[in-house]
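Novice: Please read through the structure below; I'll follow up with questions.
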Amino acid sequence: MDTKLKRDFTKVCTDGWLQGWHERNGGNLSYRMKKEEVEEVKDLLKEDAAWKEIGASVPGLANEYFMVTGSGKYFRNVELDFEDNVAIIRLNEDGTKYQIVYGLVNGGRPTSELPSHLMNLEVLKKRDEGLRVVYHAHPANTVALTFVLPLNEEIFTREIWEMETECPVVFPQGIGIVPWMVPGGREIGEKTAKIMETKNVAIWAHHGMFVCGHDFDETFGLMHTVEKSAEILVKVMSMTDRKRNTITPQDFRDLQEPFHIELDEKFLYEKSSDRIGEK
Ligand code: 2HA
Ligand code: ZN
């Protein structure tokens with residue numbers, strides 16, 4: 001296979017690896033393929049492959065094709081051997097089963113987070129037909145903050161937004177938080193998909209982050225922006241627990257018109273303290 005989709009998918013895996021977000025087999029990536037992208041590789045697909053249970057029901061994605069990383073596979077290896085580490089799967093007519101129609105040539109299954117990925121992709125398709133990419137990684141600064149900030153979406157969003165003016169422009173809907181849960185199943189998938197109904201970023205406490213986007217650059221860029229801001233916050237908190245200067249609620253409101261964004265006032269509360277993480 002030699003397609004732009006394969007190259008774009010691989011670029012995220014390699015760049016995420018180079019950022020240090022994918023220790024061992026950490027993280028996973030999925031993409032809802034366009035009709036013309038399926039058509040382009042039609043001759044390579046094994047349409048008679050065995051059907052397997054997804055472990056979730058996603059009727060909104062019935063009969064669709066997805067490119068996904070493999071369970072237990074290392075992001076580091078995607079560029080070295082795409083066909084060993086990545087699969088194209090097709091869903092059945094009620095969205096409860098999948099078949100591996102391409103890739104994972106040495107055996108294996110799609111990502112252990114397949115229920116989360118598909119439940120997110122289903123919600124996102126309803127929200128905006130063009131949202132096709134879901135990316136999960138383990139970026140260290142974001143995870144570190146889940147140990148010290150309250151696991152509250154208003155406070156988390158506001159503290160991350162304040163670290164870089166770019167943030168409310170890149171993710172104006174804010175960040176959703178999933179408390180620590182067992183990964184890999186339907187329950188954590190449901191919690192994450194609930195967030196994806198309105199937001200593009202979900203942080204899993206003490207684990208990692210899920211982001212979505214229209215294409216691979218936008219999706220990777222979103223993960224990068226949140227993690228960069230988290231890194232700045234970790235640096236600030238390493239120096240002090242208080243801020244001398246910051247971006248004010250009115251400053252944020254002033255960004256709305258020039259950048260054509262709408263910010264929910266729930267993130268723009270007046271703070272009663274200059275201590276980081278307090279409301
Ligand atoms: O190992 O990141 O959440 C893959 C994962 C599971
Ligand atoms: Zn993970």
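Chain labels follow the order of the structure tokens: the first chain is A, the next B, and so on; residue numbering restarts at 1 in every chain, and ligands are counted from 1 in their shown order.
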Where in range 115-243 of chain A does DSSP assign alpha helix (DSSP H), given as a short mmCIF file (atom, residue, chain, number, x, y, z; two decimals) with C-alpha atoms, in the first residue's frame?

Specialist:
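As written to disk, part_20.cif reads:
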```
data_model
loop_
_atom_site.label_atom_id
_atom_site.label_comp_id
_atom_site.auth_asym_id
_atom_site.auth_seq_id
_atom_site.Cartn_x
_atom_site.Cartn_y
_atom_site.Cartn_z
CA PRO A 115 -14.59 0.52 22.05
CA SER A 116 -13.51 4.05 23.10
CA HIS A 117 -12.30 4.92 19.62
CA LEU A 118 -15.44 3.72 17.87
CA MET A 119 -17.84 5.23 20.41
CA ASN A 120 -16.01 8.55 20.04
CA LEU A 121 -16.02 8.34 16.24
CA GLU A 122 -19.75 7.62 16.28
CA VAL A 123 -20.55 10.65 18.42
CA LEU A 124 -18.19 12.82 16.36
CA LYS A 125 -19.76 11.78 13.05
CA LYS A 126 -23.14 12.92 14.37
CA ARG A 127 -21.63 16.19 15.56
CA ALA A 140 3.78 13.29 30.60
CA ASN A 141 2.98 16.89 31.58
CA THR A 142 -0.76 16.50 31.05
CA VAL A 143 -0.76 13.29 33.07
CA ALA A 144 1.34 14.94 35.81
CA LEU A 145 -1.24 17.70 36.23
CA GLU A 153 -13.29 20.53 33.85
CA GLU A 154 -13.76 24.24 34.62
CA ILE A 155 -10.56 24.51 36.66
CA PHE A 156 -8.52 22.24 34.38
CA THR A 157 -9.56 24.11 31.25
CA ARG A 158 -8.97 27.52 32.76
CA GLU A 159 -5.50 26.66 34.11
CA ILE A 160 -4.40 25.17 30.78
CA TRP A 161 -5.91 28.08 28.79
CA GLU A 162 -4.03 30.60 30.92
CA GLU A 166 -3.29 30.06 21.60
CA CYS A 167 -5.26 27.58 23.74
CA PRO A 168 -8.80 29.05 23.78
CA VAL A 169 -8.45 29.66 20.03
CA VAL A 170 -7.40 26.04 19.36
CA ARG A 186 -17.11 0.14 27.16
CA GLU A 187 -17.56 2.19 30.37
CA ILE A 188 -14.56 4.46 29.89
CA GLY A 189 -15.53 4.68 26.22
CA GLU A 190 -18.99 5.94 27.15
CA LYS A 191 -17.59 8.58 29.53
CA THR A 192 -15.14 9.78 26.86
CA ALA A 193 -17.76 9.81 24.10
CA LYS A 194 -20.03 11.91 26.33
CA ILE A 195 -17.26 14.54 26.43
CA MET A 196 -16.76 14.29 22.65
CA PHE A 216 -4.21 14.18 11.15
CA ASP A 217 -2.37 17.54 11.35
CA GLU A 218 -5.20 19.21 13.23
CA THR A 219 -5.56 16.27 15.62
CA PHE A 220 -1.84 15.96 16.34
CA GLY A 221 -1.60 19.74 16.67
CA LEU A 222 -4.36 19.73 19.27
CA MET A 223 -2.60 17.09 21.40
CA HIS A 224 0.63 19.09 21.02
CA THR A 225 -1.00 22.38 22.04
CA VAL A 226 -2.60 20.96 25.21
CA GLU A 227 0.60 19.16 26.19
CA LYS A 228 2.74 22.25 25.53
CA SER A 229 0.50 24.31 27.79
CA ALA A 230 0.59 21.59 30.41
CA GLU A 231 4.39 21.70 30.23
CA ILE A 232 4.38 25.45 30.87
CA LEU A 233 2.06 24.95 33.84
CA VAL A 234 4.33 22.24 35.24
CA LYS A 235 7.28 24.67 34.92
CA VAL A 236 5.35 27.45 36.64
CA MET A 237 4.23 25.13 39.44
CA SER A 238 7.81 23.96 39.85
CA MET A 239 8.71 27.56 40.73
#
```

Novice: Which chain A residues have any atom within 8 Å of an atom of ligand 1, and for each, what is the nearest pair of atoms with distance in Å to one decimal, counting only C-alpha atoms and all ligand atoms, rows sorted by chain and number, as CSV?

Specialist:
```
residue,atom,partner,partner_atom_place_in_ligand_line,distance
A:His22,CA,ligand 1,2 (O),7.9
A:Arg24,CA,ligand 1,1 (O),7.8
A:Asn25,CA,ligand 1,1 (O),4.9
A:Gly26,CA,ligand 1,1 (O),3.8
A:Gly27,CA,ligand 1,2 (O),3.6
A:Asn28,CA,ligand 1,4 (C),6.1
A:Ser71,CA,ligand 1,4 (C),6.9
A:Gly72,CA,ligand 1,1 (O),6.2
A:Thr111,CA,ligand 1,4 (C),7.0
A:Ser112,CA,ligand 1,6 (C),6.2
A:Glu113,CA,ligand 1,6 (C),6.0
A:His136,CA,ligand 1,2 (O),6.7
A:Ala137,CA,ligand 1,2 (O),6.4
A:His138,CA,ligand 1,2 (O),6.9
A:Pro183,CA,ligand 1,3 (O),5.7
A:Gly184,CA,ligand 1,3 (O),6.3
A:His207,CA,ligand 1,3 (O),7.4
A:Gly208,CA,ligand 1,2 (O),7.7
```

Novice: Filtering to all heavy atoms, could you give me those residues as a CSV table (one decimal), in the first residue's frame?

Specialist:
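The new file part_38.csv reads:
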```
chain,number,residue,atom,x,y,z
A,22,HIS,N,4.7,7.9,23.6
A,22,HIS,CA,4.3,6.5,23.3
A,22,HIS,C,5.3,5.5,23.8
A,22,HIS,O,5.9,4.8,23.0
A,22,HIS,CB,4.0,6.3,21.8
A,22,HIS,CG,2.9,7.2,21.3
A,22,HIS,ND1,1.6,6.9,21.6
A,22,HIS,CD2,2.9,8.4,20.6
A,22,HIS,CE1,0.8,7.9,21.1
A,22,HIS,NE2,1.6,8.8,20.5
A,24,ARG,N,6.7,2.1,25.1
A,24,ARG,CA,6.3,0.7,24.8
A,24,ARG,C,5.2,0.7,23.8
A,24,ARG,O,5.3,1.2,22.7
A,24,ARG,CB,6.0,0.1,26.1
A,24,ARG,CG,6.1,-1.5,26.1
A,24,ARG,CD,5.9,-2.1,27.5
A,24,ARG,NE,6.0,-3.5,27.4
A,24,ARG,CZ,5.1,-4.4,27.0
A,24,ARG,NH1,3.9,-3.9,26.7
A,24,ARG,NH2,5.4,-5.7,27.0
A,25,ASN,N,4.0,0.1,24.2
A,25,ASN,CA,2.9,0.1,23.3
A,25,ASN,C,1.8,1.1,23.6
A,25,ASN,O,0.6,1.0,23.3
A,25,ASN,CB,2.3,-1.3,23.3
A,25,ASN,CG,1.8,-1.7,24.6
A,25,ASN,OD1,2.4,-1.5,25.6
A,25,ASN,ND2,0.6,-2.3,24.7
A,26,GLY,N,2.2,2.2,24.3
A,26,GLY,CA,1.2,3.2,24.8
A,26,GLY,C,0.6,4.0,23.6
A,26,GLY,O,1.3,4.3,22.6
A,27,GLY,N,-0.7,4.2,23.7
A,27,GLY,CA,-1.3,5.1,22.8
A,27,GLY,C,-2.0,4.3,21.6
A,27,GLY,O,-1.7,3.1,21.4
A,28,ASN,N,-2.9,5.0,20.9
A,28,ASN,CA,-3.5,4.4,19.8
A,28,ASN,C,-4.2,5.4,18.9
A,28,ASN,O,-4.4,6.6,19.3
A,28,ASN,CB,-4.6,3.3,20.2
A,28,ASN,CG,-5.1,3.5,21.6
A,28,ASN,OD1,-5.8,4.4,21.9
A,28,ASN,ND2,-4.6,2.7,22.5
A,71,SER,N,-3.4,-3.7,18.8
A,71,SER,CA,-3.3,-3.9,20.2
A,71,SER,C,-1.9,-4.4,20.5
A,71,SER,O,-1.4,-5.4,19.9
A,71,SER,CB,-4.3,-4.9,20.7
A,71,SER,OG,-4.2,-5.1,22.1
A,72,GLY,N,-1.2,-3.8,21.5
A,72,GLY,CA,0.1,-4.3,21.9
A,72,GLY,C,1.2,-3.9,20.9
A,72,GLY,O,2.4,-4.2,21.1
A,111,THR,N,-6.5,-2.0,18.3
A,111,THR,CA,-6.2,-1.4,19.6
A,111,THR,C,-7.1,-1.9,20.7
A,111,THR,O,-8.3,-2.0,20.5
A,111,THR,CB,-6.3,0.1,19.5
A,111,THR,OG1,-6.4,0.7,20.8
A,111,THR,CG2,-7.6,0.6,18.7
A,112,SER,N,-6.5,-2.0,21.9
A,112,SER,CA,-7.3,-2.4,23.1
A,112,SER,C,-8.3,-1.4,23.4
A,112,SER,O,-9.3,-1.6,24.1
A,112,SER,CB,-6.3,-2.6,24.3
A,112,SER,OG,-5.7,-1.3,24.5
A,113,GLU,N,-8.2,-0.1,22.9
A,113,GLU,CA,-9.1,0.9,23.2
A,113,GLU,C,-10.1,1.0,22.0
A,113,GLU,O,-10.7,2.1,21.8
A,113,GLU,CB,-8.4,2.3,23.4
A,113,GLU,CG,-7.4,2.3,24.5
A,113,GLU,CD,-8.0,2.2,25.9
A,113,GLU,OE1,-9.3,2.1,26.0
A,113,GLU,OE2,-7.3,2.1,26.9
A,136,HIS,N,-5.1,8.8,20.9
A,136,HIS,CA,-4.9,8.7,22.3
A,136,HIS,C,-3.4,8.6,22.5
A,136,HIS,O,-2.7,7.8,21.8
A,136,HIS,CB,-5.6,7.4,22.8
A,136,HIS,CG,-5.2,7.0,24.2
A,136,HIS,ND1,-5.4,7.8,25.3
A,136,HIS,CD2,-4.6,5.8,24.6
A,136,HIS,CE1,-5.0,7.2,26.4
A,136,HIS,NE2,-4.5,6.0,26.0
A,137,ALA,N,-2.9,9.3,23.5
A,137,ALA,CA,-1.4,9.3,23.8
A,137,ALA,C,-1.3,9.5,25.3
A,137,ALA,O,-2.2,9.8,26.1
A,137,ALA,CB,-0.7,10.4,23.1
A,138,HIS,N,0.0,9.3,25.8
A,138,HIS,CA,0.3,9.4,27.2
A,138,HIS,C,1.3,10.5,27.4
A,138,HIS,O,2.5,10.3,27.8
A,138,HIS,CB,1.0,8.1,27.7
A,138,HIS,CG,0.1,6.9,27.6
A,138,HIS,ND1,0.5,5.6,27.7
A,138,HIS,CD2,-1.3,6.8,27.4
A,138,HIS,CE1,-0.5,4.7,27.6
A,138,HIS,NE2,-1.6,5.4,27.4
A,183,PRO,N,-9.0,1.1,31.9
A,183,PRO,CA,-9.0,1.4,30.5
A,183,PRO,C,-9.5,0.2,29.6
A,183,PRO,O,-9.5,-0.9,30.2
A,183,PRO,CB,-7.6,1.8,30.1
A,183,PRO,CG,-6.8,1.1,31.2
A,183,PRO,CD,-7.7,1.0,32.4
A,184,GLY,N,-9.8,0.4,28.4
A,184,GLY,CA,-10.0,-0.7,27.4
A,184,GLY,C,-11.4,-1.1,27.3
A,184,GLY,O,-11.7,-1.9,26.4
A,207,HIS,N,-3.5,8.8,33.3
A,207,HIS,CA,-3.4,7.9,32.2
A,207,HIS,C,-2.9,8.6,30.9
A,207,HIS,O,-1.8,8.4,30.4
A,207,HIS,CB,-4.7,7.1,31.9
A,207,HIS,CG,-4.6,6.1,30.8
A,207,HIS,ND1,-5.2,4.9,30.9
A,207,HIS,CD2,-4.0,6.2,29.6
A,207,HIS,CE1,-5.0,4.2,29.8
A,207,HIS,NE2,-4.2,5.0,29.0
A,208,GLY,N,-3.8,9.5,30.4
A,208,GLY,CA,-3.4,10.2,29.1
A,208,GLY,C,-4.5,11.1,28.6
A,208,GLY,O,-5.3,11.6,29.4
```

Novice: Looking at A:Tyr135, A:Tyr269, A:Trp204, A:Tyr102, which one is nearest to Leu44 in chain A, with distances taken over only C-alpha atoms?

Specialist: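 Nearest to Leu44 in chain A: A:Tyr102.
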
Novice: Which residues come within 12 Å of Pro110 in chain A, counting only C-alpha atoms, excluding same-chain residues fewer than 2 positions away, as a ChimeraX atom specification?

Specialist: /A:28-30,52-54,66-73,84-90,98-105,107-108,112-118,184

Novice: Excluding same-chain residues fewer than 2 positions from Gly213 in chain A, what lies within 7 Å of it counting only C-alpha atoms, as a list of chain:residue names?

Specialist: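 Everything that qualifies: A:Leu131, A:Arg132, A:Val133, A:Val134, A:Asp215, A:Glu218, A:Thr219.
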
Novice: Would you return as a list in words the members of range 98-248 of chain A that DSSP assigns to strand (DSSP E) on this structure's backbone?

Specialist: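 Checking each residue of range 98-248 of chain A, the strand (DSSP E) ones are Tyr98, Gln99, Ile100, Val101, Tyr102, Gly103, Val133, Val134, Tyr135, His136, Ala137, Ile175, Gly176, Ile177, Val178, Val201, Ala202, Ile203, Trp204, Gly208, Met209, Phe210, Val211, Cys212 and Gly213 of chain A.
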
Novice: Compile the contact shell of Ile247 in chain A as an mmCIF file with all heavy atoms, in the first residue's frame: residues with an atom at most 8 Å away, counting only C-alpha atoms, same-chain residues fewer than 3 positions apart removed.

Specialist:
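Contents of around.cif, freshly written:
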```cif
data_model
loop_
_atom_site.group_PDB
_atom_site.id
_atom_site.type_symbol
_atom_site.label_atom_id
_atom_site.label_comp_id
_atom_site.auth_asym_id
_atom_site.auth_seq_id
_atom_site.Cartn_x
_atom_site.Cartn_y
_atom_site.Cartn_z
ATOM 1 N N GLU A 162 -4.816 29.439 30.473
ATOM 2 C CA GLU A 162 -4.031 30.596 30.922
ATOM 3 C C GLU A 162 -2.553 30.491 30.568
ATOM 4 O O GLU A 162 -1.837 31.486 30.577
ATOM 5 C CB GLU A 162 -4.175 30.783 32.448
ATOM 6 C CG GLU A 162 -5.402 31.578 32.824
ATOM 7 C CD GLU A 162 -5.476 31.862 34.326
ATOM 8 O OE1 GLU A 162 -4.439 32.131 34.954
ATOM 9 O OE2 GLU A 162 -6.593 31.806 34.861
ATOM 10 N N THR A 165 -1.885 31.841 25.091
ATOM 11 C CA THR A 165 -2.996 32.562 24.459
ATOM 12 C C THR A 165 -3.650 31.746 23.347
ATOM 13 O O THR A 165 -4.841 31.820 23.099
ATOM 14 C CB THR A 165 -2.463 33.897 23.880
ATOM 15 O OG1 THR A 165 -1.932 34.653 24.958
ATOM 16 C CG2 THR A 165 -3.549 34.685 23.184
ATOM 17 N N ASP A 251 -9.553 39.411 29.256
ATOM 18 C CA ASP A 251 -8.626 39.159 28.132
ATOM 19 C C ASP A 251 -9.170 38.036 27.253
ATOM 20 O O ASP A 251 -9.158 38.124 26.020
ATOM 21 C CB ASP A 251 -7.232 38.750 28.636
ATOM 22 C CG ASP A 251 -6.509 39.885 29.363
ATOM 23 O OD1 ASP A 251 -6.860 41.064 29.136
ATOM 24 O OD2 ASP A 251 -5.590 39.572 30.149
ATOM 25 N N PHE A 252 -9.623 36.962 27.896
ATOM 26 C CA PHE A 252 -10.187 35.834 27.128
ATOM 27 C C PHE A 252 -11.404 36.291 26.319
ATOM 28 O O PHE A 252 -11.548 35.950 25.149
ATOM 29 C CB PHE A 252 -10.574 34.677 28.053
ATOM 30 C CG PHE A 252 -9.404 33.876 28.548
ATOM 31 C CD1 PHE A 252 -9.154 33.742 29.904
ATOM 32 C CD2 PHE A 252 -8.552 33.248 27.654
ATOM 33 C CE1 PHE A 252 -8.068 33.000 30.363
ATOM 34 C CE2 PHE A 252 -7.470 32.496 28.105
ATOM 35 C CZ PHE A 252 -7.234 32.379 29.459
#
```

Novice: What does the structure give for the distance between CA of Phe267 in chain A and CA of Glu164 in chain A, in Å to one decimal?

Specialist: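 Atom-to-atom, CA of Phe267 in chain A to CA of Glu164 in chain A, that is 15.0 Å.
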
Novice: If I take CA of Thr246 in chain A and CA of Met163 in chain A, how far is one from the other in Å, to one decimal?

Specialist: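 Atom-to-atom, CA of Thr246 in chain A and CA of Met163 in chain A are spaced 8.1 Å apart.
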
Novice: Neighbouring residues of Glu93 in chain A were defined as those with any atom within 12 Å, considering only C-alpha atoms; residues of the same chain fewer than 2 positions away were excluded. Please report them as a list in words.

Specialist: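 Residues meeting the cut-off are Trp51, Ser57, Val58, Pro59, Gly60, Leu61, Ala62, Asn63, Glu64, Tyr65, Arg90, Leu91, Gly95, Thr96, Lys97, Tyr98 and Gln99 of chain A.
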
Novice: Of the candidates A:Lys271, A:Lys46, A:His206, A:Lys35, which shows the shortest atom-to-atom distance to ligand 2, using only C-alpha atoms and all ligand atoms?

Specialist: A:His206

Novice: May I ask for the distance between CA of Thr14 in chain A and CA of Ile203 in chain A, given in Å to one decimal place?

Specialist: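 Spanning CA of Thr14 in chain A to CA of Ile203 in chain A is a straight-line distance of 21.7 Å.
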
Novice: I'd like to know which of A:Ile276, A:Leu268, A:Val12, A:Met209 is closest to ligand 2, using only C-alpha atoms and all ligand atoms.

Specialist: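 Going through A:Ile276, A:Leu268, A:Val12, A:Met209 one by one, the smallest distance to ligand 2 is for A:Met209.
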
Novice: Using only C-alpha atoms and all ligand atoms, can you tell me which of A:Lys34, A:Asp264, A:Thr198, A:Pro139 comes closest to ligand 2?

Specialist: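 Among the listed residues, A:Pro139 lies closest to ligand 2.
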